[in-house]
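What's in run.pdb: PDB, N, CA and C atoms
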MODEL        1
ATOM      1  N   MET A  27     211.034  41.852  82.363
ATOM      2  CA  MET A  27     209.868  42.701  82.499
ATOM      3  C   MET A  27     208.624  41.920  82.092
ATOM      4  N   ALA A  28     207.561  42.093  82.859
ATOM      5  CA  ALA A  28     206.307  41.399  82.587
ATOM      6  C   ALA A  28     205.656  41.959  81.325
ATOM      7  N   LYS A  29     205.016  41.065  80.617
ATOM      8  CA  LYS A  29     204.302  41.475  79.405
ATOM      9  C   LYS A  29     203.090  42.321  79.785
ATOM     10  N   GLN A  30     202.908  43.426  79.106
ATOM     11  CA  GLN A  30     201.781  44.306  79.376
ATOM     12  C   GLN A  30     200.691  44.069  78.341
ATOM     13  N   TYR A  31     199.499  43.813  78.831
ATOM     14  CA  TYR A  31     198.366  43.581  77.953
ATOM     15  C   TYR A  31     197.482  44.815  77.891
ATOM     16  N   LYS A  32     196.767  44.937  76.800
ATOM     17  CA  LYS A  32     195.822  46.033  76.614
ATOM     18  C   LYS A  32     194.409  45.535  76.907
ATOM     19  N   ILE A  33     193.494  46.494  77.063
ATOM     20  CA  ILE A  33     192.088  46.179  77.315
ATOM     21  C   ILE A  33     191.242  46.796  76.207
ATOM     22  N   ALA A  34     190.342  45.980  75.650
ATOM     23  CA  ALA A  34     189.451  46.444  74.590
ATOM     24  C   ALA A  34     188.005  46.255  75.017
ATOM     25  N   VAL A  35     187.152  47.085  74.451
ATOM     26  CA  VAL A  35     185.710  46.953  74.658
ATOM     27  C   VAL A  35     185.063  46.906  73.282
ATOM     28  N   VAL A  36     184.289  45.842  73.031
ATOM     29  CA  VAL A  36     183.681  45.613  71.727
ATOM     30  C   VAL A  36     182.169  45.534  71.904
ATOM     31  N   GLY A  37     181.442  46.230  71.043
ATOM     32  CA  GLY A  37     179.983  46.165  71.102
ATOM     33  C   GLY A  37     179.342  47.357  70.445
ATOM     34  N   ASN A  38     178.074  47.563  70.746
ATOM     35  CA  ASN A  38     177.324  48.672  70.178
ATOM     36  C   ASN A  38     177.935  50.000  70.623
ATOM     37  N   GLY A  39     178.036  50.936  69.688
ATOM     38  CA  GLY A  39     178.691  52.212  69.943
ATOM     39  C   GLY A  39     178.206  52.942  71.178
ATOM     40  N   ASP A  40     176.894  53.015  71.379
ATOM     41  CA  ASP A  40     176.351  53.728  72.534
ATOM     42  C   ASP A  40     176.737  53.058  73.849
ATOM     43  N   ALA A  41     176.785  51.760  73.855
ATOM     44  CA  ALA A  41     177.061  51.018  75.079
ATOM     45  C   ALA A  41     178.528  51.072  75.484
ATOM     46  N   ILE A  42     179.415  51.176  74.521
ATOM     47  CA  ILE A  42     180.848  51.122  74.850
ATOM     48  C   ILE A  42     181.496  52.497  74.973
ATOM     49  N   LEU A  43     180.803  53.541  74.577
ATOM     50  CA  LEU A  43     181.358  54.894  74.604
ATOM     51  C   LEU A  43     181.921  55.305  75.970
ATOM     52  N   PRO A  44     181.237  55.021  77.083
ATOM     53  CA  PRO A  44     181.790  55.431  78.384
ATOM     54  C   PRO A  44     183.168  54.824  78.697
ATOM     55  N   PHE A  45     183.482  53.704  78.103
ATOM     56  CA  PHE A  45     184.766  53.061  78.375
ATOM     57  C   PHE A  45     185.940  53.845  77.793
ATOM     58  N   GLN A  46     185.679  54.679  76.797
ATOM     59  CA  GLN A  46     186.732  55.535  76.247
ATOM     60  C   GLN A  46     187.222  56.515  77.296
ATOM     61  N   ILE A  47     186.332  56.974  78.134
ATOM     62  CA  ILE A  47     186.673  57.960  79.164
ATOM     63  C   ILE A  47     187.719  57.414  80.128
ATOM     64  N   ILE A  48     187.662  56.123  80.419
ATOM     65  CA  ILE A  48     188.634  55.549  81.354
ATOM     66  C   ILE A  48     189.849  54.963  80.648
ATOM     67  N   GLY A  49     189.946  55.184  79.350
ATOM     68  CA  GLY A  49     191.164  54.836  78.634
ATOM     69  C   GLY A  49     191.199  53.486  77.941
ATOM     70  N   PHE A  50     190.094  52.770  77.905
ATOM     71  CA  PHE A  50     190.076  51.496  77.194
ATOM     72  C   PHE A  50     189.950  51.749  75.695
ATOM     73  N   ASP A  51     190.490  50.848  74.915
ATOM     74  CA  ASP A  51     190.329  50.915  73.465
ATOM     75  C   ASP A  51     188.929  50.401  73.134
ATOM     76  N   THR A  52     188.150  51.205  72.426
ATOM     77  CA  THR A  52     186.774  50.811  72.110
ATOM     78  C   THR A  52     186.617  50.554  70.622
ATOM     79  N   TYR A  53     185.844  49.524  70.318
ATOM     80  CA  TYR A  53     185.611  49.103  68.937
ATOM     81  C   TYR A  53     184.128  48.865  68.718
ATOM     82  N   PRO A  54     183.434  49.832  68.123
ATOM     83  CA  PRO A  54     182.002  49.641  67.873
ATOM     84  C   PRO A  54     181.761  48.659  66.726
ATOM     85  N   VAL A  55     180.838  47.736  66.947
ATOM     86  CA  VAL A  55     180.441  46.768  65.921
ATOM     87  C   VAL A  55     178.925  46.608  65.979
ATOM     88  N   ASN A  56     178.357  46.188  64.866
ATOM     89  CA  ASN A  56     176.912  45.978  64.812
ATOM     90  C   ASN A  56     176.520  44.590  64.357
ATOM     91  N   GLU A  57     177.451  43.866  63.761
ATOM     92  CA  GLU A  57     177.143  42.549  63.206
ATOM     93  C   GLU A  57     178.063  41.483  63.787
ATOM     94  N   ALA A  58     177.549  40.270  63.855
ATOM     95  CA  ALA A  58     178.306  39.157  64.422
ATOM     96  C   ALA A  58     179.597  38.885  63.653
ATOM     97  N   GLN A  59     179.507  38.868  62.344
ATOM     98  CA  GLN A  59     180.685  38.560  61.524
ATOM     99  C   GLN A  59     181.779  39.605  61.735
ATOM    100  N   GLU A  60     181.396  40.852  61.804
ATOM    101  CA  GLU A  60     182.337  41.946  62.048
ATOM    102  C   GLU A  60     182.981  41.793  63.434
ATOM    103  N   ALA A  61     182.185  41.457  64.436
ATOM    104  CA  ALA A  61     182.681  41.283  65.795
ATOM    105  C   ALA A  61     183.634  40.100  65.887
ATOM    106  N   GLU A  62     183.291  38.999  65.241
ATOM    107  CA  GLU A  62     184.143  37.810  65.279
ATOM    108  C   GLU A  62     185.519  38.102  64.677
ATOM    109  N   LYS A  63     185.530  38.732  63.544
ATOM    110  CA  LYS A  63     186.790  39.079  62.885
ATOM    111  C   LYS A  63     187.627  39.999  63.776
ATOM    112  N   LEU A  64     186.984  40.986  64.372
ATOM    113  CA  LEU A  64     187.672  41.937  65.233
ATOM    114  C   LEU A  64     188.242  41.259  66.474
ATOM    115  N   ILE A  65     187.471  40.400  67.124
ATOM    116  CA  ILE A  65     187.930  39.722  68.334
ATOM    117  C   ILE A  65     189.141  38.846  68.030
ATOM    118  N   LYS A  66     189.109  38.131  66.930
ATOM    119  CA  LYS A  66     190.264  37.311  66.549
ATOM    120  C   LYS A  66     191.494  38.175  66.322
ATOM    121  N   GLN A  67     191.310  39.327  65.700
ATOM    122  CA  GLN A  67     192.414  40.252  65.457
ATOM    123  C   GLN A  67     192.952  40.807  66.781
ATOM    124  N   LEU A  68     192.074  41.193  67.686
ATOM    125  CA  LEU A  68     192.493  41.719  68.980
ATOM    126  C   LEU A  68     193.241  40.662  69.797
ATOM    127  N   ALA A  69     192.776  39.424  69.706
ATOM    128  CA  ALA A  69     193.419  38.336  70.440
ATOM    129  C   ALA A  69     194.877  38.154  70.011
ATOM    130  N   LYS A  70     195.157  38.436  68.765
ATOM    131  CA  LYS A  70     196.525  38.323  68.247
ATOM    132  C   LYS A  70     197.343  39.589  68.492
ATOM    133  N   SER A  71     196.693  40.633  68.997
ATOM    134  CA  SER A  71     197.337  41.939  69.118
ATOM    135  C   SER A  71     197.578  42.370  70.561
ATOM    136  N   ASN A  72     197.899  41.435  71.439
ATOM    137  CA  ASN A  72     198.327  41.749  72.801
ATOM    138  C   ASN A  72     197.220  42.311  73.697
ATOM    139  N   TYR A  73     195.979  41.902  73.462
ATOM    140  CA  TYR A  73     194.887  42.291  74.346
ATOM    141  C   TYR A  73     194.658  41.172  75.351
ATOM    142  N   GLY A  74     194.736  41.508  76.626
ATOM    143  CA  GLY A  74     194.560  40.518  77.688
ATOM    144  C   GLY A  74     193.116  40.375  78.120
ATOM    145  N   ILE A  75     192.359  41.462  77.980
ATOM    146  CA  ILE A  75     190.949  41.457  78.350
ATOM    147  C   ILE A  75     190.146  42.110  77.233
ATOM    148  N   ILE A  76     189.072  41.447  76.849
ATOM    149  CA  ILE A  76     188.143  42.024  75.883
ATOM    150  C   ILE A  76     186.762  42.003  76.527
ATOM    151  N   TYR A  77     186.239  43.186  76.801
ATOM    152  CA  TYR A  77     184.867  43.305  77.268
ATOM    153  C   TYR A  77     183.975  43.282  76.032
ATOM    154  N   LEU A  78     182.942  42.479  76.082
ATOM    155  CA  LEU A  78     182.056  42.296  74.944
ATOM    156  C   LEU A  78     180.615  42.437  75.408
ATOM    157  N   THR A  79     179.833  43.241  74.686
ATOM    158  CA  THR A  79     178.434  43.414  75.088
ATOM    159  C   THR A  79     177.672  42.099  74.903
ATOM    160  N   GLU A  80     176.747  41.866  75.815
ATOM    161  CA  GLU A  80     175.989  40.607  75.797
ATOM    162  C   GLU A  80     175.217  40.397  74.504
ATOM    163  N   ASN A  81     174.675  41.469  73.944
ATOM    164  CA  ASN A  81     173.863  41.299  72.740
ATOM    165  C   ASN A  81     174.708  40.827  71.558
ATOM    166  N   ILE A  82     175.969  41.196  71.501
ATOM    167  CA  ILE A  82     176.862  40.695  70.453
ATOM    168  C   ILE A  82     177.327  39.284  70.818
ATOM    169  N   ALA A  83     177.613  39.067  72.082
ATOM    170  CA  ALA A  83     178.098  37.754  72.535
ATOM    171  C   ALA A  83     177.089  36.643  72.262
ATOM    172  N   GLU A  84     175.808  36.942  72.388
ATOM    173  CA  GLU A  84     174.805  35.901  72.159
ATOM    174  C   GLU A  84     174.785  35.433  70.710
ATOM    175  N   LEU A  85     175.360  36.223  69.807
ATOM    176  CA  LEU A  85     175.453  35.847  68.397
ATOM    177  C   LEU A  85     176.702  35.020  68.099
ATOM    178  N   LEU A  86     177.615  34.924  69.073
ATOM    179  CA  LEU A  86     178.916  34.273  68.852
ATOM    180  C   LEU A  86     179.226  33.199  69.897
ATOM    181  N   PRO A  87     178.321  32.285  70.175
ATOM    182  CA  PRO A  87     178.573  31.309  71.248
ATOM    183  C   PRO A  87     179.796  30.429  71.013
ATOM    184  N   GLU A  88     180.054  30.030  69.769
ATOM    185  CA  GLU A  88     181.210  29.165  69.489
ATOM    186  C   GLU A  88     182.516  29.907  69.731
ATOM    187  N   LEU A  89     182.574  31.166  69.325
ATOM    188  CA  LEU A  89     183.785  31.964  69.522
ATOM    189  C   LEU A  89     184.041  32.187  71.013
ATOM    190  N   ILE A  90     183.003  32.495  71.759
ATOM    191  CA  ILE A  90     183.139  32.695  73.202
ATOM    192  C   ILE A  90     183.620  31.403  73.862
ATOM    193  N   SER A  91     183.060  30.283  73.464
ATOM    194  CA  SER A  91     183.478  28.986  74.012
ATOM    195  C   SER A  91     184.935  28.704  73.711
ATOM    196  N   TYR A  92     185.370  29.045  72.512
ATOM    197  CA  TYR A  92     186.778  28.835  72.148
ATOM    198  C   TYR A  92     187.697  29.643  73.066
ATOM    199  N   TYR A  93     187.406  30.911  73.249
ATOM    200  CA  TYR A  93     188.283  31.743  74.079
ATOM    201  C   TYR A  93     188.183  31.403  75.560
ATOM    202  N   ASP A  94     187.136  30.700  75.967
ATOM    203  CA  ASP A  94     187.062  30.195  77.342
ATOM    204  C   ASP A  94     188.165  29.176  77.607
ATOM    205  N   THR A  95     188.656  28.536  76.554
ATOM    206  CA  THR A  95     189.699  27.519  76.712
ATOM    207  C   THR A  95     191.110  28.104  76.594
ATOM    208  N   GLN A  96     191.206  29.387  76.288
ATOM    209  CA  GLN A  96     192.500  30.047  76.109
ATOM    210  C   GLN A  96     192.855  30.871  77.346
ATOM    211  N   VAL A  97     194.150  31.048  77.578
ATOM    212  CA  VAL A  97     194.592  31.864  78.708
ATOM    213  C   VAL A  97     194.262  33.336  78.457
ATOM    214  N   THR A  98     194.614  33.809  77.294
ATOM    215  CA  THR A  98     194.297  35.191  76.924
ATOM    216  C   THR A  98     193.741  35.200  75.516
ATOM    217  N   PRO A  99     192.909  36.109  75.227
ATOM    218  CA  PRO A  99     192.323  37.122  76.100
ATOM    219  C   PRO A  99     191.160  36.556  76.907
ATOM    220  N   ALA A 100     190.935  37.165  78.047
ATOM    221  CA  ALA A 100     189.734  36.855  78.819
ATOM    222  C   ALA A 100     188.600  37.677  78.211
ATOM    223  N   ILE A 101     187.522  37.018  77.869
ATOM    224  CA  ILE A 101     186.370  37.731  77.314
ATOM    225  C   ILE A 101     185.320  37.850  78.412
ATOM    226  N   ILE A 102     185.043  39.092  78.766
ATOM    227  CA  ILE A 102     184.113  39.403  79.844
ATOM    228  C   ILE A 102     182.867  40.036  79.232
ATOM    229  N   LEU A 103     181.720  39.446  79.523
ATOM    230  CA  LEU A 103     180.472  39.952  78.955
ATOM    231  C   LEU A 103     179.896  41.046  79.837
ATOM    232  N   ILE A 104     179.434  42.105  79.178
ATOM    233  CA  ILE A 104     178.866  43.242  79.889
ATOM    234  C   ILE A 104     177.491  43.564  79.296
ATOM    235  N   PRO A 105     176.588  44.094  80.127
ATOM    236  CA  PRO A 105     175.266  44.477  79.602
ATOM    237  C   PRO A 105     175.378  45.758  78.783
ATOM    238  N   THR A 106     174.368  46.021  78.004
ATOM    239  CA  THR A 106     174.307  47.277  77.256
ATOM    240  C   THR A 106     173.470  48.275  78.053
ATOM    241  N   HIS A 107     173.349  49.449  77.521
ATOM    242  CA  HIS A 107     172.520  50.478  78.144
ATOM    243  C   HIS A 107     171.033  50.109  78.109
ATOM    244  N   LYS A 108     170.697  49.080  77.334
ATOM    245  CA  LYS A 108     169.300  48.641  77.246
ATOM    246  C   LYS A 108     168.951  47.585  78.291
ATOM    247  N   GLY A 109     169.956  47.146  79.062
ATOM    248  CA  GLY A 109     169.697  46.179  80.116
ATOM    249  C   GLY A 109     170.476  44.888  79.940
ATOM    250  N   ARG A 110     170.312  44.022  80.898
ATOM    251  CA  ARG A 110     171.025  42.741  80.935
ATOM    252  C   ARG A 110     170.243  41.652  80.211
ATOM    253  N   LEU A 111     171.019  40.735  79.634
ATOM    254  CA  LEU A 111     170.409  39.536  79.061
ATOM    255  C   LEU A 111     170.628  38.331  79.975
ATOM    256  N   GLY A 112     171.491  38.491  80.977
ATOM    257  CA  GLY A 112     171.769  37.419  81.928
ATOM    258  C   GLY A 112     172.869  36.476  81.485
ATOM    259  N   ILE A 113     173.409  36.667  80.302
ATOM    260  CA  ILE A 113     174.450  35.767  79.785
ATOM    261  C   ILE A 113     175.731  35.895  80.607
ATOM    262  N   GLY A 114     176.133  37.125  80.907
ATOM    263  CA  GLY A 114     177.359  37.369  81.665
ATOM    264  C   GLY A 114     177.285  36.767  83.054
ATOM    265  N   ALA A 115     176.173  36.978  83.739
ATOM    266  CA  ALA A 115     175.992  36.439  85.080
ATOM    267  C   ALA A 115     176.002  34.914  85.064
ATOM    268  N   ALA A 116     175.393  34.323  84.069
ATOM    269  CA  ALA A 116     175.369  32.858  83.954
ATOM    270  C   ALA A 116     176.778  32.313  83.745
ATOM    271  N   ARG A 117     177.591  33.023  82.947
ATOM    272  CA  ARG A 117     178.984  32.588  82.723
ATOM    273  C   ARG A 117     179.793  32.654  84.016
ATOM    274  N   ILE A 118     179.587  33.708  84.804
ATOM    275  CA  ILE A 118     180.300  33.826  86.075
ATOM    276  C   ILE A 118     179.904  32.689  86.992
ATOM    277  N   GLN A 119     178.621  32.411  87.060
ATOM    278  CA  GLN A 119     178.131  31.327  87.913
ATOM    279  C   GLN A 119     178.719  29.988  87.473
ATOM    280  N   GLU A 120     178.778  29.755  86.179
ATOM    281  CA  GLU A 120     179.332  28.511  85.656
ATOM    282  C   GLU A 120     180.829  28.384  85.979
ATOM    283  N   ASN A 121     181.570  29.482  85.835
ATOM    284  CA  ASN A 121     183.009  29.447  86.127
ATOM    285  C   ASN A 121     183.279  29.247  87.616
ATOM    286  N   VAL A 122     182.482  29.860  88.473
ATOM    287  CA  VAL A 122     182.629  29.649  89.910
ATOM    288  C   VAL A 122     182.337  28.193  90.249
ATOM    289  N   LYS A 123     181.310  27.627  89.641
ATOM    290  CA  LYS A 123     180.962  26.223  89.876
ATOM    291  C   LYS A 123     182.108  25.301  89.468
ATOM    292  N   LYS A 124     182.742  25.601  88.327
ATOM    293  CA  LYS A 124     183.888  24.802  87.889
ATOM    294  C   LYS A 124     185.047  24.916  88.866
ATOM    295  N   ALA A 125     185.308  26.122  89.338
ATOM    296  CA  ALA A 125     186.453  26.355  90.217
ATOM    297  C   ALA A 125     186.255  25.767  91.607
ATOM    298  N   VAL A 126     185.051  25.888  92.149
ATOM    299  CA  VAL A 126     184.776  25.468  93.520
ATOM    300  C   VAL A 126     184.216  24.056  93.599
ATOM    301  N   GLY A 127     183.572  23.621  92.551
ATOM    302  CA  GLY A 127     182.988  22.293  92.552
ATOM    303  C   GLY A 127     181.499  22.272  92.865
ATOM    304  N   GLN A 128     180.963  23.416  93.196
ATOM    305  CA  GLN A 128     179.528  23.504  93.437
ATOM    306  C   GLN A 128     179.060  24.939  93.210
ATOM    307  N   ASP A 129     177.761  25.090  93.090
ATOM    308  CA  ASP A 129     177.178  26.410  92.864
ATOM    309  C   ASP A 129     177.029  27.126  94.200
ATOM    310  N   ILE A 130     177.875  28.130  94.436
ATOM    311  CA  ILE A 130     177.809  28.859  95.698
ATOM    312  C   ILE A 130     177.190  30.247  95.536
ATOM    313  N   LEU A 131     176.827  30.608  94.307
ATOM    314  CA  LEU A 131     176.233  31.932  94.091
ATOM    315  C   LEU A 131     174.749  31.846  94.153
TER     316      LEU A 131
ENDMDL
END

Can the structure in the file be given as structure tokens, please?
Amino acid sequence: MAKQYKIAVVGNGDAILPFQIIGFDTYPVNEAQEAEKLIKQLAKSNYGIIYLTENIAELLPELISYYDTQVTPAIILIPTHKGRLGIGAARIQENVKKAVGQDIL
């Protein structure tokens, strides 16, 4: 049987609340240190995908870079209800460039 992974959403409470409706595990955080500790714990707890708000992600560049080198969990950056910072889109563009060999977006 294939291993089943869970999905978590980490970030500001207001921004992640809608994800509870669709059944994702949500973890509100307000500080970088709290988020870093939580993400490391989730990574060890069978989470395959962790959605992380951009405003928290910008405080944790080293941690995000580390998990970019790991198979799981995939850390996907999402905007908050206050708007986009462009970090998530830039990461997608960078990953596509690595995969294809050129910037096609």

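Comparing the minimum interatomic distances between Glu62 of chain A and each of A:Gly49, A:Thr79, A:Leu86, A:Thr106, counting all atoms listed in the file, we find that A:Leu86 sits nearest.
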
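Considering the residues A:Ile104, A:Tyr53, A:Pro99, A:Pro44 and counting only N, CA and C atoms, Ile75 of chain A has its shortest atom-to-atom contact with A:Pro99.
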
### Message
For a quick check of understanding, using all atoms listed in the file, which of A:Gly74, A:Ala34, A:Glu84, A:Lys66 has the smallest distance to Val97 of chain A?
### Response
A:Gly74

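Here atom CA of Ser91 of chain A and atom CA of Lys29 of chain A stand 24.9 Å from one another.
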
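The closest residue to Pro87 of chain A, picked from A:Leu43, A:Ala58, A:Leu68, A:Ile48 and counting only C-alpha atoms, is A:Ala58.
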
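The gap separating atom N of Ala28 of chain A from atom CA of Ala69 of chain A is 19.2 Å, in Å to one decimal.
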
### Atom-to-atom span, atom CA of Tyr93 of chain A and atom CA of Ala61 of chain A, Å
13.8 Å

### Query
Given the choices A:Ile82, A:Ala41, A:Ile76, A:Val35, which gets closest to Asn56 of chain A if the distance is worked out from only C-alpha atoms?
A:Ile82

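What the PyMOL selection byres ((chain A and resi 52) around 6.5) grabs from this file is A:Ala34, A:Val35, A:Val36, A:Ile42, A:Phe45, A:Gln46, A:Phe50, A:Asp51, A:Tyr53, A:Pro54.
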
### Task
Tell me which protein, DNA and RNA residues are within 12 Å of Asp94 of chain A, counting only C-alpha atoms, leaving out same-chain ones fewer than 2 positions away, and put them as a list in words.
Ile75, Ile76, Pro87, Glu88, Leu89, Ile90, Ser91, Tyr92, Gln96, Val97, Thr98, Pro99, Ala100, Ile101, Ile102, Leu103, Arg117, Ile118, Glu120 and Asn121 of chain A

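Nearest-residue note for Gly39 of chain A: choosing from A:Ile65, A:Pro105, A:Val55, A:Ala83, the minimum distance belongs to A:Val55, counting only C-alpha atoms.
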
### Task
Using DSSP on the backbone coordinates, identify the residues of segment 62-97 of chain A assigned to helix (DSSP H, G or I); present them as a list in words.
Glu62, Lys63, Leu64, Ile65, Lys66, Gln67, Leu68, Ala69, Glu80, Asn81, Ile82, Ala83, Pro87, Glu88, Leu89, Ile90, Ser91, Tyr92, Tyr93 and Asp94 of chain A
